[in-house]
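Peer 1: Sharing run-v4.cif below, mmCIF, C-alpha atoms:
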```
data_coords
loop_
_atom_site.label_atom_id
_atom_site.label_comp_id
_atom_site.auth_asym_id
_atom_site.auth_seq_id
_atom_site.Cartn_x
_atom_site.Cartn_y
_atom_site.Cartn_z
CA MET E 1 124.42 -3.41 -16.77
CA ALA E 2 121.81 -0.67 -17.05
CA THR E 3 122.48 2.41 -19.17
CA SER E 4 121.91 4.59 -16.07
CA ASP E 5 124.90 2.86 -14.36
CA ILE E 6 127.35 4.08 -17.01
CA GLN E 7 129.45 7.08 -16.03
CA LEU E 8 131.30 8.60 -18.97
CA ASP E 9 134.42 10.75 -18.64
CA PRO E 10 134.40 13.17 -21.61
CA LYS E 11 138.20 13.67 -21.33
CA VAL E 12 139.03 10.00 -21.95
CA LYS E 13 139.68 9.04 -25.58
CA LYS E 14 137.66 6.00 -26.47
CA LEU E 15 137.48 3.30 -29.13
CA SER E 16 134.58 0.87 -29.34
CA ILE E 17 134.66 -2.04 -31.78
CA ILE E 18 131.79 -4.28 -32.77
CA GLY E 19 133.42 -7.66 -33.40
CA PHE E 20 130.93 -9.27 -35.79
CA SER E 21 133.27 -11.53 -37.75
CA GLY E 22 134.69 -14.83 -36.51
CA ASP E 23 137.38 -14.81 -39.22
CA PHE E 24 141.00 -15.11 -38.14
CA ASP E 25 142.17 -12.11 -40.21
CA LYS E 26 139.32 -9.83 -39.14
CA LEU E 27 139.74 -10.79 -35.48
CA THR E 28 143.45 -10.00 -35.86
CA ALA E 29 142.40 -6.52 -37.06
CA VAL E 30 140.03 -6.16 -34.07
CA PHE E 31 142.68 -7.09 -31.52
CA THR E 32 145.49 -5.13 -33.24
CA LEU E 33 143.43 -1.94 -33.17
CA ALA E 34 142.15 -2.63 -29.66
CA THR E 35 145.53 -3.34 -28.06
CA GLY E 36 147.26 -0.51 -29.94
CA ALA E 37 144.59 1.96 -28.83
CA ALA E 38 144.64 0.75 -25.21
CA ALA E 39 148.44 0.99 -25.17
CA VAL E 40 148.38 4.66 -26.20
CA GLY E 41 145.83 5.53 -23.53
CA TYR E 42 142.40 4.90 -25.06
CA GLU E 43 139.57 3.27 -23.19
CA VAL E 44 138.61 0.29 -25.39
CA ASN E 45 135.29 -1.52 -25.54
CA LEU E 46 134.94 -4.73 -27.56
CA PHE E 47 131.39 -5.82 -28.24
CA PHE E 48 131.22 -9.31 -29.75
CA THR E 49 128.19 -10.48 -31.65
CA PHE E 50 127.26 -13.37 -33.99
CA TRP E 51 130.38 -15.05 -35.43
CA GLY E 52 132.55 -12.72 -33.36
CA LEU E 53 131.44 -14.55 -30.21
CA ASP E 54 133.85 -17.33 -31.30
CA ALA E 55 136.73 -15.09 -30.19
CA ILE E 56 135.71 -15.09 -26.54
CA LYS E 57 134.53 -18.68 -26.06
CA ILE E 58 136.22 -20.43 -23.17
CA LYS E 59 136.55 -23.60 -25.29
CA GLN E 60 138.81 -22.48 -28.10
CA GLY E 61 138.48 -25.52 -30.37
CA ARG E 62 135.40 -27.25 -31.83
CA SER E 63 132.93 -28.02 -29.10
CA PRO E 64 129.15 -28.65 -29.11
CA ILE E 65 128.34 -25.82 -26.72
CA GLY E 66 124.96 -24.12 -26.51
CA LYS E 67 121.55 -25.12 -25.22
CA GLY E 68 119.51 -27.32 -27.57
CA PHE E 69 120.31 -29.49 -30.59
CA LEU E 70 120.64 -26.82 -33.31
CA PRO E 71 122.79 -24.45 -31.22
CA LYS E 72 125.07 -27.41 -30.36
CA VAL E 73 125.49 -28.23 -34.08
CA PHE E 74 126.26 -24.56 -34.80
CA GLY E 75 128.66 -24.44 -31.86
CA LEU E 76 130.49 -27.49 -33.16
CA PHE E 77 130.90 -26.11 -36.69
CA MET E 78 131.73 -22.56 -35.59
CA GLY E 79 134.33 -23.66 -33.08
CA GLY E 80 136.38 -21.06 -31.24
CA LEU E 81 139.44 -18.89 -31.70
CA LYS E 82 141.80 -21.81 -32.38
CA VAL E 83 139.86 -22.97 -35.45
CA ALA E 84 138.91 -19.54 -36.84
CA PRO E 85 139.15 -19.57 -40.65
CA VAL E 86 140.62 -16.74 -42.76
CA SER E 87 138.07 -14.75 -44.79
CA ARG E 88 139.73 -15.56 -48.14
CA LEU E 89 141.77 -18.54 -49.38
CA ASN E 90 141.15 -20.56 -46.22
CA PHE E 91 142.06 -23.90 -47.90
CA ALA E 92 140.11 -25.98 -45.36
CA GLY E 93 141.88 -24.43 -42.39
CA ILE E 94 145.45 -24.65 -43.68
CA SER E 95 145.82 -20.88 -44.22
CA PRO E 96 145.39 -19.83 -40.56
CA LYS E 97 148.22 -22.24 -39.68
CA ILE E 98 150.40 -20.68 -42.38
CA PHE E 99 149.55 -17.18 -41.13
CA ARG E 100 150.43 -18.13 -37.54
CA HIS E 101 153.77 -19.53 -38.81
CA LEU E 102 154.50 -16.37 -40.85
CA MET E 103 153.58 -14.10 -37.94
CA ARG E 104 155.92 -15.94 -35.56
CA LYS E 105 158.69 -16.03 -38.17
CA ASN E 106 158.40 -12.26 -38.75
CA ASN E 107 158.09 -11.44 -35.05
CA VAL E 108 154.55 -10.12 -35.44
CA ALA E 109 152.14 -10.83 -32.58
CA THR E 110 149.84 -13.80 -33.25
CA LEU E 111 146.10 -13.55 -32.64
CA GLU E 112 146.46 -15.47 -29.37
CA GLU E 113 149.19 -13.09 -28.15
CA LEU E 114 147.03 -10.09 -29.04
CA VAL E 115 144.09 -11.53 -27.08
CA GLU E 116 146.35 -12.08 -24.05
CA ALA E 117 147.68 -8.51 -24.40
CA ALA E 118 144.09 -7.22 -24.55
CA LYS E 119 143.38 -8.95 -21.21
CA VAL E 120 146.55 -7.52 -19.60
CA LEU E 121 145.71 -4.01 -20.84
CA GLY E 122 142.29 -4.16 -19.20
CA ILE E 123 140.27 -3.85 -22.40
CA ASN E 124 136.53 -4.20 -21.77
CA PHE E 125 134.99 -7.32 -23.33
CA TYR E 126 131.23 -7.49 -23.82
CA ALA E 127 128.95 -10.09 -25.42
CA CYS E 128 125.75 -9.46 -27.37
CA GLU E 129 122.69 -10.65 -25.50
CA MET E 130 120.58 -11.28 -28.62
CA ALA E 131 123.18 -13.37 -30.50
CA MET E 132 123.86 -15.39 -27.35
CA HIS E 133 120.14 -16.09 -27.04
CA VAL E 134 119.92 -17.30 -30.67
CA LEU E 135 122.98 -19.51 -30.30
CA GLY E 136 121.91 -20.87 -26.90
CA LEU E 137 125.05 -19.53 -25.20
CA SER E 138 125.39 -18.27 -21.63
CA LYS E 139 127.99 -16.02 -19.96
CA GLU E 140 129.69 -19.16 -18.55
CA ASP E 141 130.55 -20.26 -22.12
CA PHE E 142 132.87 -17.24 -22.41
CA ILE E 143 136.23 -16.29 -20.96
CA PRO E 144 135.98 -14.70 -17.48
CA GLU E 145 137.24 -11.36 -18.86
CA VAL E 146 133.81 -10.83 -20.46
CA LYS E 147 132.51 -8.08 -18.18
CA ASP E 148 128.89 -8.14 -19.15
CA VAL E 149 126.18 -9.21 -21.57
CA LEU E 150 124.74 -6.18 -23.36
CA GLY E 151 122.07 -5.01 -25.76
CA VAL E 152 122.29 -2.23 -28.36
CA ALA E 153 121.18 0.61 -26.06
CA THR E 154 123.87 -0.09 -23.45
CA PHE E 155 126.56 -0.53 -26.10
CA LEU E 156 125.65 2.82 -27.70
CA LYS E 157 125.80 4.49 -24.32
CA LEU E 158 129.25 2.97 -23.66
CA ALA E 159 130.49 4.03 -27.10
CA ASP E 160 129.08 7.56 -26.82
CA GLY E 161 131.63 10.30 -27.48
CA GLY E 162 134.29 7.96 -28.90
CA GLN E 163 135.13 6.28 -32.20
CA THR E 164 133.22 3.16 -33.20
CA LEU E 165 134.20 0.50 -35.73
CA PHE E 166 132.37 -2.52 -37.12
CA ILE E 167 134.64 -5.41 -38.12
CA MET I 1 164.12 5.13 -7.75
CA ALA I 2 164.47 2.26 -10.18
CA THR I 3 165.51 2.25 -13.82
CA TYR I 4 163.78 -0.17 -16.15
CA ARG I 5 164.97 -1.07 -19.63
CA LEU I 6 163.00 -2.22 -22.66
CA ASP I 7 164.15 -3.09 -26.18
CA ILE I 8 161.34 -2.91 -28.75
CA THR I 9 163.59 -2.67 -31.82
CA LYS I 10 162.51 -6.13 -33.01
CA GLU I 11 158.81 -5.58 -32.29
CA HIS I 12 156.10 -4.48 -34.69
CA CYS I 13 152.84 -2.58 -34.25
CA PRO I 14 150.92 -2.88 -31.95
CA MET I 15 153.38 -4.72 -29.65
CA THR I 16 155.79 -1.77 -29.68
CA PHE I 17 153.15 0.25 -27.83
CA VAL I 18 151.73 -2.68 -25.84
CA LYS I 19 155.11 -3.65 -24.36
CA THR I 20 155.94 0.00 -23.55
CA LYS I 21 152.56 0.48 -21.86
CA ILE I 22 152.99 -2.67 -19.75
CA GLU I 23 156.50 -1.56 -18.64
CA LEU I 24 155.28 1.98 -17.91
CA SER I 25 152.53 0.57 -15.69
CA LYS I 26 155.25 -0.91 -13.40
CA LEU I 27 156.84 2.49 -12.73
CA LYS I 28 156.44 4.29 -9.43
CA THR I 29 156.88 8.05 -9.11
CA GLY I 30 160.50 8.97 -9.86
CA ASP I 31 161.29 5.68 -11.65
CA THR I 32 162.55 5.81 -15.22
CA LEU I 33 162.15 3.57 -18.24
CA GLU I 34 164.76 3.47 -20.99
CA VAL I 35 163.26 2.32 -24.28
CA LEU I 36 165.32 1.34 -27.32
CA LEU I 37 163.28 1.76 -30.47
CA THR I 38 163.52 2.21 -34.22
CA GLU I 39 162.77 5.24 -36.40
CA GLY I 40 159.34 5.80 -37.89
CA GLU I 41 156.14 4.93 -36.04
CA PRO I 42 157.74 3.87 -32.68
CA LEU I 43 160.01 6.94 -32.49
CA GLU I 44 157.18 9.29 -33.43
CA ASN I 45 154.51 7.82 -31.21
CA VAL I 46 156.05 6.21 -28.11
CA PRO I 47 157.30 9.55 -26.65
CA ARG I 48 154.08 11.32 -27.67
CA SER I 49 151.73 8.76 -26.12
CA ALA I 50 153.87 8.60 -22.93
CA THR I 51 153.54 12.39 -22.58
CA GLU I 52 149.79 12.17 -23.21
CA GLN I 53 149.49 9.59 -20.46
CA GLY I 54 151.15 11.88 -17.93
CA PHE I 55 154.76 10.66 -18.09
CA LYS I 56 157.77 12.93 -18.63
CA VAL I 57 160.05 12.27 -21.60
CA LEU I 58 163.53 13.19 -20.33
CA SER I 59 165.49 12.59 -23.53
CA VAL I 60 165.39 11.15 -27.04
CA THR I 61 168.84 10.38 -28.47
CA GLU I 62 170.16 8.29 -31.34
CA THR I 63 172.40 5.44 -30.22
CA GLU I 64 175.67 4.43 -31.83
CA VAL I 65 173.61 2.11 -34.04
CA LYS I 66 172.10 4.10 -36.90
CA GLY I 67 168.31 4.24 -36.81
CA ILE I 68 168.06 3.02 -33.20
CA HIS I 69 167.02 5.61 -30.63
CA ARG I 70 167.01 5.69 -26.84
CA VAL I 71 164.03 7.31 -25.13
CA ILE I 72 164.10 7.93 -21.39
CA ILE I 73 160.71 8.29 -19.73
CA GLU I 74 160.08 9.23 -16.09
CA LYS I 75 156.97 8.83 -13.99
#
```
Step by step, read the file and then write its structure as structure tokens.
Peer 2:
Amino acid sequence: MATSDIQLDPKVKKLSIIGFSGDFDKLTAVFTLATGAAAVGYEVNLFFTFWGLDAIKIKQGRSPIGKGFLPKVFGLFMGGLKVAPVSRLNFAGISPKIFRHLMRKNNVATLEELVEAAKVLGINFYACEMAMHVLGLSKEDFIPEVKDVLGVATFLKLADGGQTLFI
Amino acid sequence: MATYRLDITKEHCPMTFVKTKIELSKLKTGDTLEVLLTEGEPLENVPRSATEQGFKVLSVTETEVKGIHRVIIEK
């Protein structure tokens, strides 16, 4: 997408989030804010970069994706949404399982449910071109809802006139 | 003209809004959606955001169950 292709409607309320973290709890914050905003009428842009790219990988578990040896090793250790660790007290991956259990028990949407809701609500998913290049990833490694691969200039243009968060 | 019903009394943020939005998107002009919701954030914000998105809030009434309200929204 070129910045000249972007048509902005100044009347539309807009939230743009840079999803930098691949942590379970921070991704939960990203998708809670995103779905809540979309549900009350905001246009929502999610721009995933670095560890945040884990959230939109088509292979949700540990998989050696990426071009080249080092990217494959990184891909294997980083994994995807299903194996996202919590940012504190992860206890070798036990805590995310406990959180998922507590969320279900308390009738709070799990991370997976929030991601599905984000797709249904038509939230715009974007991936960072530079981080993908470093990690040897291509657009085909991501879920089909990823609309485009962007750089900073295009993201700033998309976010212009709205609220922007970095998580 | 159809009437849809939605109970979000057991839901929490953001699914209260998400489920309402998804139901509202099914409405055709003249259809109504009856939403059962709790006091606090859902009661304050579901009618407001429906109005902001161009829907008409016909009524907001408390049900026979204390703290549970019925909101009727029309497209």
Peer 1: List the residues matched by the PyMOL selection byres ((chain I and resi 22-37) around 10) in the displayed structure as a ChimeraX atom specification, ordered by chain and then by residue number.
Peer 2: /E:39,117,120-121 /I:1-11,16-21,38-43,46-47,50,53,55-63,67-75
Peer 1: What gap, in Å, lies between CA of Gly151 in chain E and CA of Glu43 in chain E?
Peer 2: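 One can read the CA of Gly151 in chain E to CA of Glu43 in chain E distance as 19.5 Å.
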Peer 1: Could you tell me, as a ChimeraX atom specification, exactly which residues end up selected when the PyMOL selection byres ((chain E) within 7 of (chain I)) is applied to this structure?
Peer 2: /E:32,35-36,39-41,107-109
Peer 1: Counting all atoms listed in the file, select every polymer residue within 9 Å of (133.6, -2.3, -16.7) as defined in the file's coordinates, and provide the selection as a PyMOL selection string.
Peer 2: chain E and resi 6+123-125+147-148
Peer 1: Next, dump the selected residues to file, keeping only C-alpha atoms, as an mmCIF file, in the coordinates of the input.
Peer 2:
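For reference, result.cif as written:
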```
data_model
loop_
_atom_site.group_PDB
_atom_site.id
_atom_site.type_symbol
_atom_site.label_atom_id
_atom_site.label_comp_id
_atom_site.auth_asym_id
_atom_site.auth_seq_id
_atom_site.Cartn_x
_atom_site.Cartn_y
_atom_site.Cartn_z
ATOM 1 C CA ILE E 6 127.350 4.080 -17.010
ATOM 2 C CA ILE E 123 140.270 -3.850 -22.400
ATOM 3 C CA ASN E 124 136.530 -4.200 -21.770
ATOM 4 C CA PHE E 125 134.990 -7.320 -23.330
ATOM 5 C CA LYS E 147 132.510 -8.080 -18.180
ATOM 6 C CA ASP E 148 128.890 -8.140 -19.150
#
```
Peer 1: With a distance cut-off of 9 Å and all atoms listed in the file, select the neighbouring residues of range 54-62 of chain E, excluding the residue or stretch itself and same-chain residues fewer than 3 positions from it, and output the selection as a ChimeraX atom specification.
Peer 2: /E:19,21-22,27,48-51,65,75-84,115,125,127,140-146
Peer 1: Give me the box for range 137-148 of chain E as lines of an AutoDock Vina configuration file, namely the centre and edge lengths in Å to one decimal of a box along x, y and z that holds every listed atom plus 3 Å on each side.
Peer 2:
```
center_x = 131.1
center_y = -14.2
center_z = -21.3
size_x = 18.2
size_y = 18.2
size_z = 13.7
```
Peer 1: Any idea what's packed within 10 Å of Leu158 in chain E, counting all atoms listed in the file, ignoring anything in its chain fewer than 4 positions away? Could you give it as an NGL selection string?
Peer 2: :E and (3 or 6-8 or 14-16 or 44-45 or 152-154 or 162)
Peer 1: When the PyMOL selection byres ((chain E and resi 134) around 12) is applied to the structure above, which residues does it catch, written out as a short mmCIF file (atom, residue, chain, number, x, y, z; two decimals) with C-alpha atoms, in the coordinates of the input?
Peer 2:
```
data_model
loop_
_atom_site.label_atom_id
_atom_site.label_comp_id
_atom_site.auth_asym_id
_atom_site.auth_seq_id
_atom_site.Cartn_x
_atom_site.Cartn_y
_atom_site.Cartn_z
CA THR E 49 128.19 -10.48 -31.65
CA PHE E 50 127.26 -13.37 -33.99
CA TRP E 51 130.38 -15.05 -35.43
CA LEU E 53 131.44 -14.55 -30.21
CA GLY E 66 124.96 -24.12 -26.51
CA LYS E 67 121.55 -25.12 -25.22
CA GLY E 68 119.51 -27.32 -27.57
CA LEU E 70 120.64 -26.82 -33.31
CA PRO E 71 122.79 -24.45 -31.22
CA LYS E 72 125.07 -27.41 -30.36
CA PHE E 74 126.26 -24.56 -34.80
CA GLY E 75 128.66 -24.44 -31.86
CA CYS E 128 125.75 -9.46 -27.37
CA GLU E 129 122.69 -10.65 -25.50
CA MET E 130 120.58 -11.28 -28.62
CA ALA E 131 123.18 -13.37 -30.50
CA MET E 132 123.86 -15.39 -27.35
CA HIS E 133 120.14 -16.09 -27.04
CA LEU E 135 122.98 -19.51 -30.30
CA GLY E 136 121.91 -20.87 -26.90
CA LEU E 137 125.05 -19.53 -25.20
CA SER E 138 125.39 -18.27 -21.63
#
```
Peer 1: Name the residues in contact with Leu89 in chain E at a cut-off of 12 Å, using all atoms listed in the file, excluding same-chain residues fewer than 4 positions from it; report them as a list in words.
Peer 2: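 The residues satisfying every condition are Asp23, Phe24, Asp25, Pro85, Gly93, Ile94, Ser95, Pro96, Ile98 and Phe99 of chain E.
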Peer 1: So how many Å separate CA of Leu111 in chain E and CA of Ala29 in chain E, to one decimal?
Peer 2: 9.1 Å
Peer 1: Could you work out how far CA of Phe166 in chain E lies from CA of Arg100 in chain E, giving the answer in Å with one decimal?
Peer 2: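 So the two atoms, CA of Arg100 in chain E and CA of Phe166 in chain E, lie 23.9 Å apart.
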